[in-house]
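Before any comments, here is the structure.
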Amino acid sequence: MYDKFSIIIFQTSYILLILVSKMKRILTIIGARPQFVKAAVLSRLIQTNIWNKKFEEILVHTGQHYDKNMSDIFFDEMKIPKPAFNLEVGSGNHGKMTGEMLIKIERLLFKVQPDYLLVYGDTNSTLAGALAASKLHIPVIHIEAGLRSYNMLMPEEQNRVLTDRISSFLFAPTQDAIDKLKNEGLTRGVYMVGDIMFDAALFYKEIISENILGFLKGKFYFDKFALATIHRAENTDNKFRLSQIIEGLGLIPLPIILPLHPRTKKQLDLFGISVPQNIIVIEPLGYLSMLELEKNSECIFTDSGGVQKEAYFFGIPCFTLRDETEWIETIEKGWNILVGASRDNLLNAFLNFNKPSNLPPLFGDGNSGSKILEILHNQ
């Protein structure tokens with residue numbers, strides 16, 4: 001016969017075993033700045049009382065962005081849990097980088113045995129994670145599915161198209177993304193949940209401390225300003241395009257704050273391109289500082305997909321330094337103009353811009369993270 005105490009211990013252990021067995025283990029792959037922002041939303045939710053008994057998340061940092069200003073600062077200021085694993089792959093050619101990630105992620109999958117592998121966006125980290133999991137028949141969750149530029153020369157386009165093809169859950173941010181997936185015959189496991197970066201912007205804008213802007217105004221003595229970011233290889237690795245962009249920014253009758261990406265800095269030096277006096281070059285910034293500058297700027301010049309969206313979130317005119325964009329909705333609503341890498345297009349678009357009178361809610365209601373977890377929980 002068992003005594004009463006033993007029975008209670010057994011019952012408690014059995015209940016705990018059931019609860020643990022129902023928890024779904026998610027291995028999340030991140031490696032670049034935009035992914036840290038997106039991951040912050042889900043990681044924060046999973047730690048709450050609503051979800052922390054239903055999901056276990058294991059964060060894996062591939063090391064694609066690895067210096068403090070490009071990586072560590074995000075984990076610190078956004079309170080993202082430190083990654084359980086850092087693959088320390090670093091930079092390199094696409095094949096080398098993706099191959100090393102693939103090998104190391106596969107080893108982790110054997111070790112961790114997750115229920116799902118989750119990836120964000122369109123980086124080499126995204127594709128490597130999706131390929132590794134798909135080969136082992138582990139369901140792949142792709143957040144920000146369905147985006148298309150239709151420019152297959154872009155590594156990002158190749159990554160996102162291939163990832164969508166092998167994902168079991170395709171969480172799309174907009175109806176346009178849903179339509180593009182449908183046109184490619186992808187309808188199974190597709191969900192329109194809104195944009196997780198909108199969730200992040202709504203949450204983190206409430207804790208912006210107005211530090212970086214006050215510092216810059218005190219040091220460089222300006223009032224109104226524009227913001228610029230340049231990082232895509234199609235611009236940085238092409239001397240003519242990079243020269244045209246820098247010359248065009250030099251013609252804008254505003255001070256322009258340019259947080260300089262390491263790749264861009266390297267290429268400016270390599271090509272011998274001088275930066276005009278109206279451009280204030282600063283080090284790369286953390287997420288909160290970027291939000292502060294974005295929402296207080298007169299306009300934004302960028303080749304970043306995430307910054308295009310954030311400009312729209314805050315109702316800031318955006319001039320996109322690319323020949324196409326995945327965020328066609330922002331173009332259609334008049335808040336974003338494609339200027340390519342043309343000095344004259346850049347200046348003319350700025351001088352002739354007419355600010356729209358309304359800002360339709362294109363990117364959901366700010367609850368995409370909760371919707372994603374609810375869908376996964378009900379599987």
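Letters A, B, ... go to the chains of the structure tokens in the order shown; residues in each chain start at 1; ligands are counted from 1 in the same order.
Residues in contact with Gly369 in chain A at 8 Å, where only C-alpha atoms are counted and same-chain residues fewer than 3 positions away are skipped, are listed as Val41, Leu42, Leu45, Ile196, Asp199, Ile372 and Leu373 of chain A.
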Would you tabulate, counting only C-alpha atoms, all residues of range 224-255 of chain A that have an atom at most 10 Å from an atom of range 309-327 of chain A, showing the closest pair of atoms and their distance in Å to one decimal, sorted by chain then ascending number, as a tab-separated table?
```
residue	atom	partner	partner_atom	distance
A:Ala226	CA	A:Pro317	CA	10.0
A:Leu227	CA	A:Cys318	CA	9.6
A:Ala228	CA	A:Phe319	CA	9.3
A:Thr229	CA	A:Leu321	CA	9.2
A:Ile230	CA	A:Leu321	CA	8.0
A:Arg232	CA	A:Arg322	CA	9.1
A:Glu234	CA	A:Arg322	CA	8.5
A:Asn235	CA	A:Arg322	CA	8.1
A:Arg241	CA	A:Leu321	CA	9.5
A:Leu242	CA	A:Leu321	CA	9.9
A:Ile245	CA	A:Leu321	CA	7.6
```
I'd like the neighbourhood of range 264-279 of chain A as a PyMOL selection string, where a residue qualifies if any of its atoms comes within 8 Å (using only C-alpha atoms), though same-chain residues fewer than 2 positions away should be ignored. chain A and resi 230-231+236-237+239+242-243+246-247+249-250+254-258+260-262+281
Quick one: residues within 10 Å of Ala145 in chain A, only C-alpha atoms, excluding same-chain residues fewer than 2 positions away - as JSON, numbers by chain? {"A": [119, 120, 121, 122, 141, 142, 143, 147, 148, 160, 161, 163, 164, 165, 167, 169, 170, 171, 172, 173, 174, 177, 178, 180, 181, 190, 191, 192]}
Write out as a PyMOL selection string which residues come within 10 Å of range 49-66 of chain A when counting only C-alpha atoms, dropping same-chain ones fewer than 5 positions away. chain A and resi 19-33+36+39+42-44+71-72+80-92+97-98+100-102+104-105+108+112+114-118+123-126+128-129+370+373-374+376-377
Step one, run DSSP on the backbone; step two, keep only residues of range 177-297 of chain A assigned to alpha helix (DSSP H); then write them as an MDAnalysis selection string. chainID A and resid 177:183 196:204 211:220 233:236 239:251 262:271 287:296
